[in-house]
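Participant: Structure file structure15.cif (mmCIF, C-alpha atoms and all ligand atoms) is given on the next line.
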```cif
data_target
#
loop_
_atom_site.label_atom_id
_atom_site.label_comp_id
_atom_site.auth_asym_id
_atom_site.auth_seq_id
_atom_site.Cartn_x
_atom_site.Cartn_y
_atom_site.Cartn_z
CA MET A 1 0.00 0.00 0.00
CA THR A 2 1.04 3.54 -0.64
CA SER A 3 1.72 5.32 2.63
CA LYS A 4 -0.97 7.84 3.43
CA ALA A 5 -0.24 10.95 5.36
CA PRO A 6 -2.65 11.87 8.13
CA GLU A 7 -5.40 14.25 7.14
CA TYR A 8 -4.47 17.92 7.28
CA ALA A 9 -0.83 16.91 7.56
CA ALA A 10 0.95 19.77 5.91
CA VAL A 11 4.43 20.55 4.78
CA ALA A 12 3.57 24.08 5.86
CA THR A 13 5.57 26.37 8.04
CA ALA A 14 4.88 26.15 11.79
CA PRO A 15 2.28 28.70 12.93
CA GLU A 16 4.71 30.56 15.20
CA ALA A 17 6.98 31.19 12.21
CA ARG A 18 4.30 33.14 10.31
CA PRO A 19 4.44 36.87 10.93
CA PHE A 20 1.30 37.74 8.97
CA GLU A 21 -2.39 38.22 9.29
CA ALA A 22 -4.01 35.72 6.98
CA ALA A 23 -5.85 37.18 3.98
CA ILE A 24 -8.11 34.11 4.00
CA ARG A 25 -8.59 31.72 6.90
CA VAL A 26 -10.52 28.52 6.45
CA ALA A 27 -10.97 26.66 9.75
CA ASN A 28 -12.43 23.18 10.02
CA LEU A 29 -14.85 24.03 7.21
CA SER A 30 -17.49 21.44 6.36
CA HIS A 31 -20.44 21.30 4.03
CA ARG A 32 -23.05 18.65 3.56
CA TYR A 33 -25.56 18.46 0.70
CA GLU A 34 -28.30 16.26 2.11
CA ASN A 35 -26.44 13.00 2.73
CA ARG A 36 -23.25 13.88 0.81
CA MET A 37 -20.27 15.39 2.61
CA ALA A 38 -18.79 17.80 0.03
CA LEU A 39 -16.30 19.42 2.44
CA ASP A 40 -15.04 17.63 5.51
CA GLY A 41 -13.10 19.68 8.06
CA VAL A 42 -10.86 21.65 5.71
CA SER A 43 -8.38 24.14 7.25
CA PHE A 44 -5.77 26.39 5.62
CA GLU A 45 -4.67 30.01 5.42
CA VAL A 46 -3.82 32.21 2.48
CA ARG A 47 -1.17 34.85 3.13
CA PRO A 48 -1.23 38.44 1.95
CA ALA A 49 0.02 38.82 -1.65
CA GLU A 50 0.08 35.07 -2.16
CA LEU A 51 -0.99 33.18 -5.27
CA PHE A 52 -2.74 30.22 -3.70
CA GLY A 53 -4.12 27.24 -5.60
CA LEU A 54 -6.95 24.92 -4.67
CA LEU A 55 -6.23 21.77 -6.66
CA GLY A 56 -8.52 18.76 -6.83
CA PRO A 57 -10.23 16.42 -9.26
CA ASN A 58 -13.88 16.87 -10.19
CA GLY A 59 -16.13 16.41 -7.19
CA SER A 60 -13.40 17.11 -4.62
CA GLY A 61 -15.23 20.14 -3.17
CA LYS A 62 -13.49 23.09 -4.84
CA THR A 63 -16.65 24.81 -6.05
CA THR A 64 -18.38 24.26 -2.71
CA LEU A 65 -15.47 25.92 -0.90
CA PHE A 66 -15.39 28.70 -3.48
CA ARG A 67 -19.10 29.37 -3.06
CA ILE A 68 -18.72 29.58 0.73
CA LEU A 69 -15.77 31.99 0.44
CA SER A 70 -17.68 34.18 -1.99
CA THR A 71 -20.65 34.27 0.47
CA LEU A 72 -23.06 32.50 -1.90
CA MET A 73 -23.58 29.64 0.51
CA LEU A 74 -23.43 29.08 4.25
CA PRO A 75 -21.20 26.23 5.44
CA SER A 76 -22.67 23.42 7.56
CA GLY A 77 -19.76 23.81 9.98
CA GLY A 78 -16.48 25.62 10.60
CA ARG A 79 -15.49 29.13 9.52
CA ALA A 80 -14.35 30.96 6.41
CA VAL A 81 -12.83 34.36 7.19
CA ILE A 82 -11.48 36.91 4.70
CA LYS A 83 -9.58 39.95 6.02
CA GLY A 84 -11.01 39.27 9.46
CA LEU A 85 -14.62 39.15 8.21
CA ASP A 86 -16.63 35.96 8.63
CA ALA A 87 -18.38 34.79 5.45
CA ALA A 88 -21.37 33.55 7.44
CA THR A 89 -21.92 36.50 9.79
CA GLU A 90 -20.41 39.50 7.96
CA PRO A 91 -21.12 38.78 4.29
CA SER A 92 -21.64 42.37 3.11
CA GLY A 93 -18.41 43.65 4.61
CA LEU A 94 -16.57 40.65 3.25
CA ARG A 95 -17.95 41.19 -0.26
CA ARG A 96 -16.30 44.61 -0.40
CA GLN A 97 -12.93 42.99 0.26
CA ILE A 98 -13.15 40.42 -2.52
CA GLY A 99 -13.25 40.32 -6.29
CA VAL A 100 -14.82 37.17 -7.72
CA VAL A 101 -14.47 35.56 -11.12
CA PHE A 102 -16.92 32.69 -11.43
CA GLN A 103 -16.59 29.80 -13.82
CA ALA A 104 -19.79 30.79 -15.61
CA PRO A 105 -19.36 33.98 -17.64
CA SER A 106 -20.90 37.01 -15.96
CA ILE A 107 -20.35 39.72 -18.55
CA ASP A 108 -23.17 40.97 -20.74
CA VAL A 109 -21.96 40.31 -24.27
CA LYS A 110 -24.42 42.78 -25.77
CA LEU A 111 -22.74 45.60 -23.86
CA SER A 112 -19.36 47.13 -24.63
CA ALA A 113 -16.38 46.50 -22.37
CA GLN A 114 -16.79 49.98 -20.92
CA GLU A 115 -20.52 49.53 -20.29
CA ASN A 116 -19.96 46.21 -18.54
CA LEU A 117 -17.54 47.90 -16.16
CA ARG A 118 -19.77 50.92 -15.64
CA HIS A 119 -22.63 48.67 -14.47
CA GLN A 120 -20.30 46.79 -12.18
CA GLY A 121 -19.01 50.07 -10.74
CA HIS A 122 -22.56 51.25 -9.99
CA LEU A 123 -23.21 48.00 -8.08
CA TYR A 124 -20.30 48.92 -5.84
CA GLY A 125 -21.43 52.52 -5.39
CA LEU A 126 -18.79 54.01 -7.70
CA SER A 127 -19.72 56.86 -10.04
CA GLY A 128 -18.60 60.01 -11.85
CA THR A 129 -15.04 60.80 -12.79
CA ALA A 130 -13.61 58.36 -10.26
CA LEU A 131 -15.47 55.50 -11.97
CA THR A 132 -14.61 56.71 -15.50
CA ASN A 133 -10.93 56.90 -14.57
CA ARG A 134 -10.98 53.53 -12.88
CA ILE A 135 -12.64 51.91 -15.94
CA ALA A 136 -9.99 53.40 -18.24
CA GLU A 137 -7.24 52.20 -15.90
CA MET A 138 -8.62 48.66 -15.69
CA LEU A 139 -9.19 48.34 -19.43
CA GLU A 140 -5.63 49.52 -20.02
CA ARG A 141 -4.34 47.03 -17.49
CA VAL A 142 -6.09 44.02 -19.02
CA GLY A 143 -5.12 45.07 -22.56
CA LEU A 144 -8.60 46.07 -23.73
CA ALA A 145 -8.25 49.86 -23.89
CA ASP A 146 -8.43 49.90 -27.68
CA ARG A 147 -11.62 47.77 -27.63
CA ALA A 148 -13.37 49.73 -24.86
CA ARG A 149 -16.39 50.70 -26.97
CA GLU A 150 -16.86 47.36 -28.71
CA ARG A 151 -19.44 44.83 -27.65
CA ALA A 152 -18.04 41.95 -25.63
CA GLU A 153 -19.58 39.47 -28.10
CA THR A 154 -16.90 40.49 -30.61
CA PHE A 155 -14.12 39.47 -28.18
CA SER A 156 -12.15 36.22 -28.11
CA GLY A 157 -12.56 33.87 -25.12
CA GLY A 158 -9.32 35.20 -23.63
CA MET A 159 -10.44 38.83 -24.00
CA GLN A 160 -13.81 38.06 -22.38
CA ARG A 161 -12.01 36.44 -19.43
CA ARG A 162 -9.80 39.52 -19.08
CA LEU A 163 -12.92 41.67 -19.03
CA GLU A 164 -14.29 39.42 -16.25
CA LEU A 165 -11.08 40.02 -14.36
CA ALA A 166 -11.35 43.78 -14.83
CA LYS A 167 -14.92 43.55 -13.48
CA GLY A 168 -13.76 41.60 -10.44
CA LEU A 169 -10.99 44.09 -9.69
CA LEU A 170 -12.80 47.36 -10.35
CA HIS A 171 -13.51 48.16 -6.69
CA HIS A 172 -9.88 47.57 -5.56
CA PRO A 173 -10.40 44.30 -3.67
CA CYS A 174 -7.43 42.99 -1.71
CA VAL A 175 -8.45 39.37 -2.29
CA LEU A 176 -9.32 37.90 -5.68
CA LEU A 177 -11.16 34.56 -5.94
CA LEU A 178 -11.21 32.75 -9.28
CA ASP A 179 -13.02 29.48 -10.01
CA GLU A 180 -11.22 27.52 -12.78
CA PRO A 181 -10.54 30.77 -14.66
CA THR A 182 -8.79 29.24 -17.66
CA THR A 183 -11.56 26.80 -18.61
CA GLY A 184 -12.13 27.02 -22.35
CA LEU A 185 -9.09 29.23 -23.02
CA ASP A 186 -6.37 28.37 -25.53
CA PRO A 187 -2.79 27.90 -24.23
CA GLY A 188 -1.75 31.47 -25.14
CA ALA A 189 -4.70 33.03 -23.31
CA ARG A 190 -4.03 30.75 -20.30
CA ARG A 191 -0.43 31.91 -20.14
CA ASP A 192 -1.51 35.57 -20.35
CA LEU A 193 -4.03 35.12 -17.55
CA TRP A 194 -1.48 33.51 -15.24
CA GLN A 195 1.04 36.26 -15.98
CA TYR A 196 -1.61 38.76 -15.07
CA LEU A 197 -2.37 37.01 -11.77
CA GLN A 198 1.34 37.02 -10.93
CA MET A 199 1.53 40.70 -11.76
CA LEU A 200 -1.44 41.44 -9.50
CA ARG A 201 0.29 39.64 -6.64
CA ASP A 202 3.65 41.32 -7.19
CA GLN A 203 2.62 44.87 -8.05
CA GLU A 204 -0.67 45.30 -6.20
CA GLN A 205 -0.15 42.84 -3.33
CA VAL A 206 -3.50 41.20 -4.09
CA SER A 207 -4.01 37.76 -2.50
CA VAL A 208 -5.27 35.42 -5.19
CA LEU A 209 -7.08 32.13 -4.57
CA VAL A 210 -7.60 30.12 -7.72
CA THR A 211 -9.29 26.73 -8.09
CA THR A 212 -7.93 24.42 -10.73
CA HIS A 213 -7.91 20.80 -11.80
CA LEU A 214 -4.82 21.35 -13.95
CA MET A 215 -1.45 20.27 -12.55
CA GLU A 216 0.56 22.66 -14.70
CA GLU A 217 -1.44 25.57 -13.33
CA ALA A 218 -1.12 24.36 -9.76
CA ASP A 219 2.64 24.27 -10.30
CA LYS A 220 2.60 28.04 -10.86
CA CYS A 221 1.06 28.79 -7.44
CA ASP A 222 3.11 29.93 -4.44
CA ARG A 223 1.31 27.36 -2.28
CA LEU A 224 -1.35 24.77 -2.82
CA ALA A 225 -4.11 23.03 -0.95
CA ILE A 226 -4.94 19.68 -2.56
CA LEU A 227 -8.47 18.38 -2.00
CA ASN A 228 -9.80 14.87 -2.46
CA HIS A 229 -13.39 13.86 -1.64
CA GLY A 230 -13.86 17.01 0.44
CA LYS A 231 -10.74 16.51 2.55
CA LEU A 232 -7.49 18.43 2.54
CA VAL A 233 -4.84 15.89 1.56
CA ALA A 234 -1.81 18.16 1.15
CA LEU A 235 -0.76 21.74 1.82
CA GLY A 236 2.50 23.43 0.89
CA THR A 237 4.54 24.89 -1.96
CA PRO A 238 4.68 22.73 -5.10
CA ALA A 239 8.41 22.16 -4.48
CA GLU A 240 7.89 21.17 -0.81
CA LEU A 241 5.14 18.76 -1.72
CA LYS A 242 7.22 17.09 -4.43
CA ARG A 243 10.28 16.89 -2.16
CA GLU A 244 8.22 14.83 0.25
CA ILE A 245 8.29 11.97 -2.28
CA GLY A 246 12.05 11.75 -1.72
CA GLY A 247 13.90 11.10 -4.95
CA ASP A 248 12.42 9.57 -8.08
CA VAL A 249 9.31 7.73 -9.16
CA ILE A 250 9.95 4.42 -10.92
CA SER A 251 7.25 2.74 -13.02
CA LEU A 252 7.53 -0.84 -14.25
CA GLU A 253 5.40 -2.71 -16.78
CA THR A 254 5.26 -6.45 -16.28
CA ALA A 255 2.95 -9.41 -16.93
CA ASP A 256 2.04 -9.94 -13.26
CA PRO A 257 2.41 -6.60 -11.45
CA ALA A 258 1.03 -7.77 -8.08
CA SER A 259 3.52 -10.61 -7.86
CA LEU A 260 6.48 -8.50 -8.95
CA ALA A 261 5.56 -5.69 -6.52
CA GLU A 262 5.46 -8.18 -3.67
CA ARG A 263 8.82 -9.69 -4.57
CA ILE A 264 10.46 -6.27 -5.00
CA THR A 265 9.11 -5.19 -1.60
CA THR A 266 10.47 -8.32 0.07
CA ARG A 267 13.81 -8.30 -1.65
CA PHE A 268 14.69 -4.60 -1.44
CA ALA A 269 12.65 -3.50 1.59
CA VAL A 270 10.94 -0.75 -0.41
CA ASN A 271 7.26 0.09 -0.74
CA ALA A 272 6.38 -1.18 -4.24
CA THR A 273 2.68 -0.66 -5.05
CA VAL A 274 0.48 -1.50 -8.02
CA LEU A 275 -1.39 1.37 -9.60
CA GLU A 276 -3.61 0.66 -12.60
CA GLY A 277 -1.51 -2.33 -13.71
CA THR A 278 1.86 -0.64 -13.22
CA VAL A 279 4.34 -1.30 -10.42
CA ARG A 280 5.27 2.00 -8.78
CA ILE A 281 8.17 2.73 -6.44
CA GLU A 282 9.31 6.01 -4.85
CA ARG A 283 13.04 5.87 -4.33
CA GLU A 284 16.17 8.01 -4.23
CA ASN A 285 18.66 7.53 -7.07
CA GLY A 286 15.99 5.81 -9.14
CA HIS A 287 18.24 5.13 -12.13
CA ARG A 288 20.62 3.08 -9.96
CA PHE A 289 17.79 1.15 -8.36
CA VAL A 290 16.37 0.36 -11.81
CA THR A 291 19.59 -1.54 -12.66
CA ASP A 292 19.28 -3.58 -9.45
CA ILE A 293 15.68 -4.53 -10.25
CA VAL A 294 16.41 -5.54 -13.84
CA GLU A 295 19.29 -7.71 -12.65
CA ALA A 296 17.22 -9.27 -9.86
CA PHE A 297 14.25 -10.18 -12.10
CA PRO A 298 15.71 -10.92 -15.54
CA GLY A 299 13.26 -11.11 -18.43
CA GLU A 300 10.26 -10.05 -16.32
CA ILE A 301 10.20 -6.35 -16.98
CA GLN A 302 8.67 -5.16 -20.24
CA ALA A 303 9.14 -1.42 -19.79
CA ILE A 304 10.64 0.81 -17.16
CA SER A 305 10.71 4.55 -16.56
CA THR A 306 12.18 6.88 -13.95
CA SER A 307 10.95 10.42 -13.44
CA LYS A 308 11.13 13.33 -11.02
CA PRO A 309 7.98 13.59 -8.86
CA THR A 310 5.08 15.66 -10.19
CA LEU A 311 2.04 16.97 -8.34
CA GLU A 312 0.19 13.90 -9.60
CA ASP A 313 2.76 11.79 -7.72
CA VAL A 314 2.07 13.87 -4.61
CA PHE A 315 -1.64 13.15 -5.04
CA ILE A 316 -0.97 9.41 -5.48
CA HIS A 317 1.37 9.42 -2.48
CA ARG A 318 -1.30 11.02 -0.30
CA THR A 319 -4.41 9.22 -1.56
CA GLY A 320 -3.22 5.92 -3.04
CA HIS A 321 -4.94 6.62 -6.36
CA ARG A 322 -4.52 8.69 -9.49
CA PHE A 323 -5.82 12.24 -9.83
CA TRP A 324 -8.07 11.19 -12.69
CA SER A 325 -9.72 7.84 -12.29
CA GLU A 326 -11.61 6.37 -15.24
CA ALA A 327 -14.82 7.53 -13.60
CA SER A 328 -13.71 11.16 -13.59
CA PRO A 329 -11.56 11.93 -16.61
CA PRO A 330 -10.07 15.38 -17.16
CA ARG A 331 -12.57 17.78 -18.61
CA GLU A 332 -10.12 19.19 -21.13
CA ALA A 333 -7.67 17.54 -23.47
CA GLY A 334 -4.04 18.14 -22.64
CA SER A 335 -4.74 18.79 -18.98
P1 LIG B 1 -15.55 20.32 -7.55
O1 LIG B 1 -15.79 21.79 -7.74
O2 LIG B 1 -14.22 19.99 -7.00
O3 LIG B 1 -15.85 19.54 -8.81
P2 LIG B 1 -18.00 20.34 -5.96
O4 LIG B 1 -17.82 21.26 -4.81
O5 LIG B 1 -18.78 20.85 -7.13
O6 LIG B 1 -16.57 19.78 -6.42
O7 LIG B 1 -18.71 19.01 -5.45
C1 LIG B 1 -18.31 18.30 -4.29
C2 LIG B 1 -19.31 17.17 -4.04
O8 LIG B 1 -20.57 17.71 -3.71
C3 LIG B 1 -19.52 16.28 -5.24
O9 LIG B 1 -19.73 14.96 -4.79
C4 LIG B 1 -20.79 16.83 -5.86
O10 LIG B 1 -21.50 15.83 -6.57
C5 LIG B 1 -21.56 17.28 -4.63
N1 LIG B 1 -22.44 18.43 -4.91
C6 LIG B 1 -22.08 19.61 -5.42
N2 LIG B 1 -23.15 20.44 -5.52
C7 LIG B 1 -24.22 19.75 -5.03
C8 LIG B 1 -25.61 20.05 -4.83
N3 LIG B 1 -26.10 21.24 -5.15
N4 LIG B 1 -26.39 19.09 -4.30
C9 LIG B 1 -25.90 17.87 -3.96
N5 LIG B 1 -24.59 17.52 -4.11
C10 LIG B 1 -23.76 18.45 -4.64
#
```
Starting from the file, give its structure as structure tokens.
Ligand code: ADP
Facilitator:
Amino acid sequence: MTSKAPEYAAVATAPEARPFEAAIRVANLSHRYENRMALDGVSFEVRPAELFGLLGPNGSGKTTLFRILSTLMLPSGGRAVIKGLDAATEPSGLRRQIGVVFQAPSIDVKLSAQENLRHQGHLYGLSGTALTNRIAEMLERVGLADRARERAETFSGGMQRRLELAKGLLHHPCVLLLDEPTTGLDPGARRDLWQYLQMLRDQEQVSVLVTTHLMEEADKCDRLAILNHGKLVALGTPAELKREIGGDVISLETADPASLAERITTRFAVNATVLEGTVRIERENGHRFVTDIVEAFPGEIQAISTSKPTLEDVFIHRTGHRFWSEASPPREAGS
């Protein structure tokens, strides 16, 4: 069996070593839909000016957590606090602190970019020259200044997403929440969006929480919380989490994986597991160990590979199964 870390076990820094007031604090948060536990005692903190990722396969509870943070839903238990304001008891104050970009498009495509932002500004009580200036500034910042008067329906998917971002940021929030913001975008538009999020963090000190089911996006975050079936299974920087694997990941193809895994475990005192028909071993100096295995079991191994740990390996290490099972394949090709 793959060794499982205890729930909430984190590679995070000890609390006493953190000289900051959390931008977001999620404490023992739970949510139940009738008889289904969608979130089960999740706790983590997002620091000021941090790009924080919430990574998990479909159904892991990301959207539920996102909806609680954005005050659309009350949790069944625990607390979600943003800038000291509790999502359950101080929702209106909290809403002023956050910008939200939902998965579903929220812009009116029949309106121009400028008009979309003007409406948003009015909702937040902005008006007059201050609003006009802020709209111009935001459109400039998201690269839409030259399209300000054009209807959003004439924009590409990437441009529409950037307009959503401008909407979410119009009222100067210090925390930005984005739910799978790159869904449906081409690779170039995805890259642009991530560069923009990094710029927001670095130049405006905005704390960004982004949900994703894409490993390559999660890799770009400063820190990550990984969810599985509503539970927090890992918390830390991508590098810290991968380091926990300790060395390399070796995969072996063979006719009888269960038997070979058992014999490797006995002979070399390592934890060889079988994952979807492949023998899997986490081991330092993998390439050297591969030679030992091939020599010990001549003619039995059909294919062998050694690789540096990825976030998928972290997920397997923590849960004992792959990120995408056959029952929940990735929603987008190449992800
Ligand atoms: P994710 O965003 O990671 O895909 P969700 O938060 O949407 O996960 O879902 C977590 C779990 O809660 C899943 O098992 C899902 O089927 C269930 N769920 C989500 N929304 C509802 C709902 N409105 N009613 C009942 N179950 C729900």
Participant: With all atoms listed in the file as the basis for distance, which of A:Ala104, A:Ala189, A:Leu200, A:Leu65 is at the shortest distance from ligand LIG 1 (chain B)?
Facilitator: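 Checking each of A:Ala104, A:Ala189, A:Leu200, A:Leu65 against ligand LIG 1 (chain B), counting all atoms listed in the file, the winner is A:Leu65.
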Participant: Between atom CA of Leu117 of chain A and atom CA of Ile135 of chain A, what is the distance in Å, rounded to a tenth?
Facilitator: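 We find that atom CA of Leu117 of chain A and atom CA of Ile135 of chain A lie 6.3 Å from each other.
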Participant: Given all atoms listed in the file as the basis, pick out the residue of A:Met199, A:Leu55, A:Leu193, A:Val42 nearest to ligand LIG 1 (chain B).
Facilitator: A:Leu55
Participant: Please extract the residues at most 8 Å from ligand LIG 1 (chain B), counting all atoms listed in the file, and provide them as JSON, numbers by chain, using the chain letters and residue numbers of this document.
Facilitator: {"A": [32, 33, 34, 36, 37, 38, 39, 56, 57, 58, 59, 60, 61, 62, 63, 64, 65, 66, 213, 227, 229, 230]}
Participant: Rounded to one decimal place, report the atom CA of Ile304 of chain A-atom CA of Glu240 of chain A distance in Å.
Facilitator: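 Straight-line distance from atom CA of Ile304 of chain A to atom CA of Glu240 of chain A works out to 26.3 Å.
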Participant: In Å, with one decimal, what is the gap from atom CA of Arg223 of chain A to atom CA of Phe52 of chain A?
Facilitator: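 Taking atom CA of Arg223 of chain A as the start and atom CA of Phe52 of chain A as the end point, the length is 5.2 Å.
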Participant: Using only C-alpha atoms, determine which residues lie at most 10 Å from Phe155 of chain A, disregarding the query and same-chain residues fewer than 4 positions distant; provide the list as a PDB file with C-alpha atoms, in the frame of the given file.
Facilitator:
```
ATOM      1  CA  VAL A 109     -21.960  40.310 -24.270  1.00  0.00           C
ATOM      2  CA  SER A 112     -19.360  47.130 -24.630  1.00  0.00           C
ATOM      3  CA  ALA A 113     -16.380  46.500 -22.370  1.00  0.00           C
ATOM      4  CA  LEU A 144      -8.600  46.070 -23.730  1.00  0.00           C
ATOM      5  CA  ARG A 147     -11.620  47.770 -27.630  1.00  0.00           C
ATOM      6  CA  GLU A 150     -16.860  47.360 -28.710  1.00  0.00           C
ATOM      7  CA  ARG A 151     -19.440  44.830 -27.650  1.00  0.00           C
ATOM      8  CA  MET A 159     -10.440  38.830 -24.000  1.00  0.00           C
ATOM      9  CA  GLN A 160     -13.810  38.060 -22.380  1.00  0.00           C
ATOM     10  CA  ARG A 161     -12.010  36.440 -19.430  1.00  0.00           C
ATOM     11  CA  LEU A 163     -12.920  41.670 -19.030  1.00  0.00           C
TER      12      LEU A 163
END
```
Participant: Which is closer to Ser305 of chain A than all the others in A:Val274, A:Leu232, A:Ala225, A:Val249, using only C-alpha atoms?
Facilitator: A:Val249
Participant: Generate a file for segment 164-172 of chain A, containing all heavy atoms, as a PDB file, in the first residue's frame.
Facilitator:
```pdb
ATOM      1  N   GLU A 164     -13.762  39.925 -17.537  1.00  0.00           N
ATOM      2  CA  GLU A 164     -14.292  39.415 -16.253  1.00  0.00           C
ATOM      3  C   GLU A 164     -13.365  39.814 -15.108  1.00  0.00           C
ATOM      4  O   GLU A 164     -13.811  40.213 -14.041  1.00  0.00           O
ATOM      5  CB  GLU A 164     -14.368  37.878 -16.251  1.00  0.00           C
ATOM      6  CG  GLU A 164     -15.230  37.269 -17.312  1.00  0.00           C
ATOM      7  CD  GLU A 164     -16.611  36.897 -16.795  1.00  0.00           C
ATOM      8  OE1 GLU A 164     -16.910  37.215 -15.628  1.00  0.00           O
ATOM      9  OE2 GLU A 164     -17.372  36.317 -17.570  1.00  0.00           O
ATOM     10  N   LEU A 165     -12.076  39.666 -15.379  1.00  0.00           N
ATOM     11  CA  LEU A 165     -11.081  40.020 -14.357  1.00  0.00           C
ATOM     12  C   LEU A 165     -11.170  41.498 -14.014  1.00  0.00           C
ATOM     13  O   LEU A 165     -11.162  41.878 -12.839  1.00  0.00           O
ATOM     14  CB  LEU A 165      -9.681  39.766 -14.904  1.00  0.00           C
ATOM     15  CG  LEU A 165      -8.965  38.513 -14.506  1.00  0.00           C
ATOM     16  CD1 LEU A 165      -7.605  38.476 -15.157  1.00  0.00           C
ATOM     17  CD2 LEU A 165      -8.799  38.471 -12.995  1.00  0.00           C
ATOM     18  N   ALA A 166     -11.255  42.335 -15.053  1.00  0.00           N
ATOM     19  CA  ALA A 166     -11.347  43.783 -14.828  1.00  0.00           C
ATOM     20  C   ALA A 166     -12.583  44.085 -13.984  1.00  0.00           C
ATOM     21  O   ALA A 166     -12.544  44.931 -13.080  1.00  0.00           O
ATOM     22  CB  ALA A 166     -11.419  44.505 -16.167  1.00  0.00           C
ATOM     23  N   LYS A 167     -13.678  43.374 -14.267  1.00  0.00           N
ATOM     24  CA  LYS A 167     -14.918  43.548 -13.478  1.00  0.00           C
ATOM     25  C   LYS A 167     -14.675  43.205 -12.011  1.00  0.00           C
ATOM     26  O   LYS A 167     -15.062  43.936 -11.106  1.00  0.00           O
ATOM     27  CB  LYS A 167     -15.980  42.579 -14.022  1.00  0.00           C
ATOM     28  CG  LYS A 167     -17.100  43.221 -14.747  1.00  0.00           C
ATOM     29  CD  LYS A 167     -18.123  42.166 -15.151  1.00  0.00           C
ATOM     30  CE  LYS A 167     -19.214  42.030 -14.115  1.00  0.00           C
ATOM     31  NZ  LYS A 167     -20.299  41.149 -14.531  1.00  0.00           N
ATOM     32  N   GLY A 168     -14.007  42.075 -11.802  1.00  0.00           N
ATOM     33  CA  GLY A 168     -13.758  41.601 -10.439  1.00  0.00           C
ATOM     34  C   GLY A 168     -12.835  42.523  -9.654  1.00  0.00           C
ATOM     35  O   GLY A 168     -12.875  42.544  -8.421  1.00  0.00           O
ATOM     36  N   LEU A 169     -12.005  43.278 -10.365  1.00  0.00           N
ATOM     37  CA  LEU A 169     -10.986  44.095  -9.689  1.00  0.00           C
ATOM     38  C   LEU A 169     -11.336  45.573  -9.615  1.00  0.00           C
ATOM     39  O   LEU A 169     -10.596  46.358  -9.021  1.00  0.00           O
ATOM     40  CB  LEU A 169      -9.647  43.942 -10.428  1.00  0.00           C
ATOM     41  CG  LEU A 169      -9.008  42.564 -10.314  1.00  0.00           C
ATOM     42  CD1 LEU A 169      -7.910  42.401 -11.350  1.00  0.00           C
ATOM     43  CD2 LEU A 169      -8.450  42.377  -8.906  1.00  0.00           C
ATOM     44  N   LEU A 170     -12.455  45.935 -10.205  1.00  0.00           N
ATOM     45  CA  LEU A 170     -12.805  47.356 -10.351  1.00  0.00           C
ATOM     46  C   LEU A 170     -12.830  48.108  -9.022  1.00  0.00           C
ATOM     47  O   LEU A 170     -12.397  49.236  -8.922  1.00  0.00           O
ATOM     48  CB  LEU A 170     -14.174  47.448 -11.040  1.00  0.00           C
ATOM     49  CG  LEU A 170     -14.537  48.791 -11.650  1.00  0.00           C
ATOM     50  CD1 LEU A 170     -13.637  49.111 -12.832  1.00  0.00           C
ATOM     51  CD2 LEU A 170     -15.998  48.793 -12.090  1.00  0.00           C
ATOM     52  N   HIS A 171     -13.330  47.464  -7.976  1.00  0.00           N
ATOM     53  CA  HIS A 171     -13.511  48.158  -6.694  1.00  0.00           C
ATOM     54  C   HIS A 171     -12.305  47.971  -5.764  1.00  0.00           C
ATOM     55  O   HIS A 171     -12.447  48.103  -4.548  1.00  0.00           O
ATOM     56  CB  HIS A 171     -14.795  47.658  -6.005  1.00  0.00           C
ATOM     57  CG  HIS A 171     -14.783  46.180  -5.752  1.00  0.00           C
ATOM     58  ND1 HIS A 171     -14.828  45.250  -6.757  1.00  0.00           N
ATOM     59  CD2 HIS A 171     -14.712  45.461  -4.608  1.00  0.00           C
ATOM     60  CE1 HIS A 171     -14.801  44.028  -6.240  1.00  0.00           C
ATOM     61  NE2 HIS A 171     -14.713  44.130  -4.939  1.00  0.00           N
ATOM     62  N   HIS A 172     -11.127  47.692  -6.332  1.00  0.00           N
ATOM     63  CA  HIS A 172      -9.880  47.574  -5.560  1.00  0.00           C
ATOM     64  C   HIS A 172      -9.933  46.510  -4.460  1.00  0.00           C
ATOM     65  O   HIS A 172      -9.565  46.802  -3.303  1.00  0.00           O
ATOM     66  CB  HIS A 172      -9.505  48.903  -4.872  1.00  0.00           C
ATOM     67  CG  HIS A 172      -9.199  50.004  -5.814  1.00  0.00           C
ATOM     68  ND1 HIS A 172      -7.986  50.124  -6.461  1.00  0.00           N
ATOM     69  CD2 HIS A 172      -9.945  51.052  -6.220  1.00  0.00           C
ATOM     70  CE1 HIS A 172      -8.000  51.198  -7.212  1.00  0.00           C
ATOM     71  NE2 HIS A 172      -9.182  51.773  -7.101  1.00  0.00           N
TER      72      HIS A 172
END
```
